[in-house]
Amino acid sequence: MSATDLSPALLREAFGHFPTGVIAIAAEVDGARVGLAASTFVPVSLDPPLVSFCVQNSSTTWPKLKGLPSLGISVLGEAHDAAARTLAAKTGDRFAGLQTVSTATGAVFIEGTSVWLESAIEQLVTAGDHTIVVLRVNDIRVHDDVAPIVFHRSAFRRLGD
């Protein structure tokens with residue numbers, strides 16, 4: 001196989017065979033909730049507490065979030081398949097039908113999700129058509145009773161599926 005065979009469609013299909021969790025990254029910008037969904041969340045380090053996700057360089061939402069002092073990361077639960085699609089939409093109210101909680105620092109969290117991580121950008125790394133966003137975790141809340149949703153082969157699935 002040569003590099004010319006590596007079309008975006010083939011890569012997307014191949015990468016889709018690796019199941020991932022889905023997160024929402026959200027904050028308040030001038031009093032309005034702004035957020036996006038990502039399926040590229042990775043724990044990075046325990047000391048210091050770091051996590052990461054990747055965002056497309058073409059995102060029109062990320063520029064609104066990347067300069068903020070605090071971002072909310074919500075690990076989406078089984079009941080959030082529709083929410084994940086809404087958060088990933090290019091237009092419309094990305095928080096339609098969702099209950100959220102905002103902190104004094106401006107981080108926004110989605111109710112009913114399995115984990116909340118209040119975080120701040122530690123580092124941005126350019127990586128092809130994406131940017132790797134490394135975040136320092138400043139606060140955490142775990143909701144043990146909420147099972148996460150998984151993105152696998154372009155569909156949202158539950159762990160028991």
# chains A, B, ... in the order shown; residues from 1 in each chain; ligands from 1

$ closest_atom_pairs --of "segment 99-123 of chain A" --to "segment 23-36 of chain A" --cutoff "8 Å" --atoms "only C-alpha atoms" --output "tab-separated table"
residue	atom	partner	partner_atom	distance
A:Ser102	CA	A:Glu28	CA	7.6
A:Gly106	CA	A:Glu28	CA	5.1
A:Ala107	CA	A:Ala27	CA	4.4
A:Val108	CA	A:Ala27	CA	4.6
A:Phe109	CA	A:Ala26	CA	6.9
A:Ile110	CA	A:Ala24	CA	7.9

$ closest_residue --among "A:Ala9, A:Val125, A:Val115, A:Ile132" --to "Gly77 of chain A" --atoms "only C-alpha atoms"
A:Val115

$ residues_around --residues "His143 of chain A" --least-positions-apart "4" --cutoff "12 Å" --atoms "only C-alpha atoms" --output "PyMOL selection string"
chain A and resi 74-77+110-117+147-148

$ write_last_selection --atoms "C-alpha atoms" --output "compact mmCIF listing (two decimals), in the first residue's frame"
# COMPACT_ATOMS: atom_id res chain seq x y z
CA SER A 74 -18.55 16.33 30.16
CA VAL A 75 -18.15 12.62 29.39
CA LEU A 76 -21.42 11.84 27.64
CA GLY A 77 -23.61 9.03 28.94
CA ILE A 110 -24.11 18.79 30.87
CA GLU A 111 -26.41 17.21 33.45
CA GLY A 112 -26.69 13.42 33.39
CA THR A 113 -23.16 12.78 32.13
CA SER A 114 -20.72 10.36 33.78
CA VAL A 115 -17.79 12.70 34.51
CA TRP A 116 -17.24 16.45 34.74
CA LEU A 117 -13.73 17.83 34.42
CA ALA A 147 -22.66 4.58 31.93
CA PRO A 148 -20.72 6.26 29.11

$ select_by_dssp --residues "chain A" --states "strand (DSSP E)" --output "count of residues only"
72

$ atom_distance --atom1 "atom CA of Arg85 of chain A" --atom2 "atom CA of Val51 of chain A"
22.5 Å

$ closest_residue --among "A:Val133, A:Val142, A:Val150, A:Val44" --to "Asn57 of chain A" --atoms "only C-alpha atoms"
A:Val133

$ residues_around --residues "Cys54 of chain A" --least-positions-apart "4" --cutoff "12 Å" --atoms "only C-alpha atoms" --output "compact mmCIF listing (two decimals) with all heavy atoms, in the first residue's frame"
# COMPACT_ATOMS: atom_id res chain seq x y z
N VAL A 22 -17.15 9.75 24.12
CA VAL A 22 -17.55 11.01 23.51
C VAL A 22 -17.66 12.06 24.61
O VAL A 22 -18.26 11.80 25.66
CB VAL A 22 -18.90 10.89 22.77
CG1 VAL A 22 -19.26 12.19 22.08
CG2 VAL A 22 -18.86 9.74 21.77
N ILE A 23 -17.07 13.22 24.37
CA ILE A 23 -17.13 14.30 25.34
C ILE A 23 -17.75 15.54 24.73
O ILE A 23 -17.77 15.71 23.51
CB ILE A 23 -15.72 14.65 25.89
CG1 ILE A 23 -14.80 15.14 24.77
CG2 ILE A 23 -15.11 13.48 26.63
CD1 ILE A 23 -13.53 15.80 25.25
N ILE A 25 -17.16 19.66 25.14
CA ILE A 25 -16.29 20.71 25.65
C ILE A 25 -17.12 21.97 25.59
O ILE A 25 -17.60 22.35 24.51
CB ILE A 25 -15.02 20.87 24.78
CG1 ILE A 25 -14.23 19.56 24.71
CG2 ILE A 25 -14.14 21.99 25.31
CD1 ILE A 25 -14.47 18.82 23.43
N LEU A 36 -18.81 22.01 21.80
CA LEU A 36 -18.64 21.08 20.69
C LEU A 36 -18.46 19.68 21.26
O LEU A 36 -18.24 19.50 22.45
CB LEU A 36 -17.45 21.48 19.81
CG LEU A 36 -16.09 21.69 20.46
CD1 LEU A 36 -15.29 20.40 20.51
CD2 LEU A 36 -15.31 22.72 19.66
N ALA A 37 -18.58 18.69 20.39
CA ALA A 37 -18.40 17.29 20.77
C ALA A 37 -17.10 16.78 20.17
O ALA A 37 -16.68 17.23 19.11
CB ALA A 37 -19.56 16.45 20.29
N ALA A 38 -16.47 15.84 20.87
CA ALA A 38 -15.25 15.21 20.36
C ALA A 38 -15.22 13.75 20.79
O ALA A 38 -15.65 13.40 21.88
CB ALA A 38 -14.01 15.93 20.88
N SER A 39 -14.70 12.91 19.90
CA SER A 39 -14.55 11.49 20.23
C SER A 39 -13.07 11.12 20.30
O SER A 39 -12.71 9.97 20.11
CB SER A 39 -15.28 10.61 19.21
OG SER A 39 -14.73 10.80 17.93
N THR A 40 -12.24 12.10 20.57
CA THR A 40 -10.79 11.89 20.60
C THR A 40 -10.22 12.17 21.98
O THR A 40 -9.07 12.57 22.12
CB THR A 40 -10.11 12.80 19.56
OG1 THR A 40 -10.53 14.15 19.80
CG2 THR A 40 -10.46 12.37 18.14
N PHE A 41 -10.99 11.95 23.01
CA PHE A 41 -10.57 12.23 24.39
C PHE A 41 -9.59 11.17 24.88
O PHE A 41 -9.82 9.97 24.68
CB PHE A 41 -11.80 12.25 25.29
CG PHE A 41 -11.50 12.48 26.74
CD1 PHE A 41 -11.16 13.74 27.20
CD2 PHE A 41 -11.56 11.44 27.64
CE1 PHE A 41 -10.89 13.96 28.53
CE2 PHE A 41 -11.29 11.65 28.98
CZ PHE A 41 -10.95 12.91 29.43
N VAL A 42 -8.50 11.62 25.52
CA VAL A 42 -7.49 10.71 26.03
C VAL A 42 -6.96 11.22 27.37
O VAL A 42 -6.51 12.36 27.46
CB VAL A 42 -6.30 10.59 25.04
CG1 VAL A 42 -5.21 9.68 25.60
CG2 VAL A 42 -6.75 10.11 23.69
N SER A 58 -10.43 23.37 11.06
CA SER A 58 -11.49 24.10 10.37
C SER A 58 -12.68 24.43 11.28
O SER A 58 -13.62 25.09 10.84
CB SER A 58 -11.97 23.30 9.16
OG SER A 58 -12.51 22.06 9.58
N SER A 59 -12.64 24.02 12.53
CA SER A 59 -13.74 24.28 13.45
C SER A 59 -13.98 25.79 13.60
O SER A 59 -13.04 26.56 13.78
CB SER A 59 -13.43 23.70 14.83
OG SER A 59 -14.40 24.13 15.78
N TRP A 62 -14.19 26.17 17.96
CA TRP A 62 -12.98 26.14 18.79
C TRP A 62 -12.36 27.51 18.99
O TRP A 62 -11.95 27.84 20.11
CB TRP A 62 -11.97 25.14 18.23
CG TRP A 62 -10.71 25.12 19.01
CD1 TRP A 62 -9.46 25.41 18.57
CD2 TRP A 62 -10.57 24.82 20.41
NE1 TRP A 62 -8.55 25.32 19.59
CE2 TRP A 62 -9.21 24.95 20.73
CE3 TRP A 62 -11.46 24.46 21.42
CZ2 TRP A 62 -8.71 24.74 22.01
CZ3 TRP A 62 -10.97 24.24 22.70
CH2 TRP A 62 -9.60 24.38 22.98
N GLN A 123 -1.58 23.20 26.75
CA GLN A 123 -0.73 23.21 25.56
C GLN A 123 -1.57 22.92 24.33
O GLN A 123 -2.53 22.14 24.38
CB GLN A 123 0.34 22.13 25.72
CG GLN A 123 1.36 22.07 24.63
CD GLN A 123 2.42 21.00 24.91
OE1 GLN A 123 2.31 20.22 25.85
NE2 GLN A 123 3.43 20.96 24.09
N LEU A 124 -1.21 23.53 23.21
CA LEU A 124 -1.82 23.26 21.92
C LEU A 124 -0.72 22.75 21.00
O LEU A 124 0.34 23.37 20.89
CB LEU A 124 -2.44 24.53 21.33
CG LEU A 124 -3.55 25.19 22.16
CD1 LEU A 124 -3.96 26.51 21.52
CD2 LEU A 124 -4.74 24.27 22.30
N VAL A 125 -0.99 21.63 20.33
CA VAL A 125 0.00 21.01 19.46
C VAL A 125 -0.62 20.85 18.07
O VAL A 125 -1.63 20.15 17.91
CB VAL A 125 0.44 19.63 19.99
CG1 VAL A 125 1.46 18.99 19.06
CG2 VAL A 125 0.97 19.74 21.42
N THR A 126 -0.04 21.48 17.07
CA THR A 126 -0.51 21.33 15.70
C THR A 126 -0.18 19.92 15.22
O THR A 126 0.94 19.46 15.38
CB THR A 126 0.16 22.38 14.78
OG1 THR A 126 -0.15 23.68 15.29
CG2 THR A 126 -0.35 22.24 13.35
N ALA A 127 -1.19 19.26 14.65
CA ALA A 127 -1.01 17.88 14.18
C ALA A 127 -1.84 17.68 12.92
O ALA A 127 -3.00 17.28 12.97
CB ALA A 127 -1.42 16.90 15.26
N GLY A 128 -1.26 17.99 11.77
CA GLY A 128 -1.97 17.83 10.51
C GLY A 128 -3.17 18.74 10.43
O GLY A 128 -3.06 19.94 10.69
N ASP A 129 -4.34 18.17 10.11
CA ASP A 129 -5.55 18.97 9.98
C ASP A 129 -6.29 19.15 11.31
O ASP A 129 -7.40 19.65 11.34
CB ASP A 129 -6.48 18.39 8.91
CG ASP A 129 -6.95 16.97 9.20
OD1 ASP A 129 -6.54 16.39 10.23
OD2 ASP A 129 -7.73 16.43 8.38
N HIS A 130 -5.66 18.75 12.40
CA HIS A 130 -6.22 18.89 13.74
C HIS A 130 -5.23 19.58 14.67
O HIS A 130 -4.04 19.71 14.34
CB HIS A 130 -6.56 17.52 14.34
CG HIS A 130 -7.85 16.96 13.85
ND1 HIS A 130 -8.06 16.57 12.54
CD2 HIS A 130 -9.01 16.72 14.50
CE1 HIS A 130 -9.29 16.12 12.40
NE2 HIS A 130 -9.90 16.20 13.57
N THR A 131 -5.72 20.00 15.81
CA THR A 131 -4.89 20.49 16.90
C THR A 131 -5.14 19.59 18.10
O THR A 131 -6.30 19.29 18.43
CB THR A 131 -5.23 21.95 17.27
OG1 THR A 131 -4.94 22.77 16.13
CG2 THR A 131 -4.44 22.44 18.48
N ILE A 132 -4.06 19.14 18.73
CA ILE A 132 -4.17 18.38 19.97
C ILE A 132 -4.23 19.38 21.10
O ILE A 132 -3.32 20.21 21.25
CB ILE A 132 -2.98 17.42 20.15
CG1 ILE A 132 -2.89 16.46 18.97
CG2 ILE A 132 -3.09 16.67 21.48
CD1 ILE A 132 -1.58 15.69 18.91
N VAL A 133 -5.30 19.33 21.87
CA VAL A 133 -5.49 20.25 22.99
C VAL A 133 -5.20 19.49 24.28
O VAL A 133 -5.90 18.52 24.60
CB VAL A 133 -6.94 20.79 23.01
CG1 VAL A 133 -7.13 21.76 24.16
CG2 VAL A 133 -7.29 21.44 21.67
N VAL A 134 -4.17 19.90 24.99
CA VAL A 134 -3.82 19.29 26.27
C VAL A 134 -4.37 20.20 27.36
O VAL A 134 -4.11 21.41 27.37
CB VAL A 134 -2.29 19.11 26.43
CG1 VAL A 134 -1.96 18.50 27.78
CG2 VAL A 134 -1.73 18.27 25.29
N LEU A 135 -5.16 19.61 28.25
CA LEU A 135 -5.85 20.37 29.31
C LEU A 135 -5.37 19.91 30.69
O LEU A 135 -5.19 18.72 30.93
CB LEU A 135 -7.35 20.13 29.23
CG LEU A 135 -8.04 20.52 27.93
CD1 LEU A 135 -9.40 19.85 27.82
CD2 LEU A 135 -8.18 22.02 27.85

$ closest_residue --among "A:Ala89, A:Val101, A:Ala79, A:Val55" --to "Arg158 of chain A" --atoms "only C-alpha atoms"
A:Ala79

$ residues_around --residues "Ala83 of chain A" --least-positions-apart "2" --cutoff "8 Å" --atoms "only C-alpha atoms" --output "list of chain:residue names"
A:His80, A:Asp81, A:Arg85, A:Thr86, A:Leu87, A:Arg94, A:Phe95, A:Leu98

$ write_last_selection --atoms "all heavy atoms" --output "CSV table (one decimal), in the first residue's frame"
chain,number,residue,atom,x,y,z
A,80,HIS,N,-27.2,10.1,25.8
A,80,HIS,CA,-26.8,11.3,25.1
A,80,HIS,C,-26.4,11.1,23.6
A,80,HIS,O,-25.7,12.0,23.0
A,80,HIS,CB,-25.6,12.0,25.8
A,80,HIS,CG,-26.0,12.6,27.1
A,80,HIS,ND1,-25.5,12.0,28.3
A,80,HIS,CD2,-26.7,13.6,27.4
A,80,HIS,CE1,-26.0,12.7,29.3
A,80,HIS,NE2,-26.7,13.7,28.8
A,81,ASP,N,-26.9,10.1,23.0
A,81,ASP,CA,-26.6,9.9,21.6
A,81,ASP,C,-27.1,11.1,20.7
A,81,ASP,O,-26.4,11.6,19.9
A,81,ASP,CB,-27.1,8.5,21.0
A,81,ASP,CG,-28.5,8.2,21.3
A,81,ASP,OD1,-29.1,8.9,22.2
A,81,ASP,OD2,-29.0,7.3,20.7
A,85,ARG,N,-24.9,14.3,18.7
A,85,ARG,CA,-25.1,14.7,17.3
A,85,ARG,C,-25.4,16.2,17.3
A,85,ARG,O,-24.9,17.0,16.4
A,85,ARG,CB,-26.2,13.9,16.6
A,85,ARG,CG,-25.8,12.5,16.4
A,85,ARG,CD,-26.8,11.8,15.5
A,85,ARG,NE,-26.5,10.3,15.5
A,85,ARG,CZ,-25.5,9.8,14.9
A,85,ARG,NH1,-24.6,10.5,14.2
A,85,ARG,NH2,-25.4,8.5,14.9
A,86,THR,N,-26.2,16.7,18.2
A,86,THR,CA,-26.6,18.1,18.3
A,86,THR,C,-25.3,19.0,18.6
A,86,THR,O,-25.1,20.0,17.9
A,86,THR,CB,-27.6,18.4,19.4
A,86,THR,OG1,-28.8,17.6,19.0
A,86,THR,CG2,-28.0,19.8,19.4
A,87,LEU,N,-24.5,18.5,19.5
A,87,LEU,CA,-23.3,19.2,19.8
A,87,LEU,C,-22.3,19.2,18.7
A,87,LEU,O,-21.4,20.1,18.6
A,87,LEU,CB,-22.6,18.6,21.1
A,87,LEU,CG,-23.3,18.9,22.4
A,87,LEU,CD1,-22.9,17.9,23.5
A,87,LEU,CD2,-22.9,20.4,22.8
A,94,ARG,N,-26.8,24.1,19.9
A,94,ARG,CA,-26.1,22.8,20.3
A,94,ARG,C,-26.6,22.3,21.6
A,94,ARG,O,-26.3,21.2,21.9
A,94,ARG,CB,-24.6,23.0,20.2
A,94,ARG,CG,-24.1,23.3,18.8
A,94,ARG,CD,-22.7,23.3,18.7
A,94,ARG,NE,-22.2,23.4,17.4
A,94,ARG,CZ,-21.0,23.6,17.0
A,94,ARG,NH1,-20.1,23.7,17.9
A,94,ARG,NH2,-20.7,23.8,15.7
A,95,PHE,N,-27.2,23.1,22.4
A,95,PHE,CA,-27.6,22.7,23.7
A,95,PHE,C,-29.2,22.5,23.8
A,95,PHE,O,-29.7,22.3,24.9
A,95,PHE,CB,-27.2,23.7,24.8
A,95,PHE,CG,-25.7,23.8,24.9
A,95,PHE,CD1,-25.0,24.7,24.1
A,95,PHE,CD2,-25.0,22.9,25.7
A,95,PHE,CE1,-23.6,24.8,24.2
A,95,PHE,CE2,-23.6,23.0,25.8
A,95,PHE,CZ,-22.9,23.9,25.0
A,98,LEU,N,-30.9,20.1,26.5
A,98,LEU,CA,-30.0,19.7,27.5
A,98,LEU,C,-30.0,20.6,28.7
A,98,LEU,O,-30.1,21.8,28.5
A,98,LEU,CB,-28.5,19.7,26.9
A,98,LEU,CG,-28.2,18.7,25.8
A,98,LEU,CD1,-26.8,19.0,25.3
A,98,LEU,CD2,-28.4,17.3,26.3
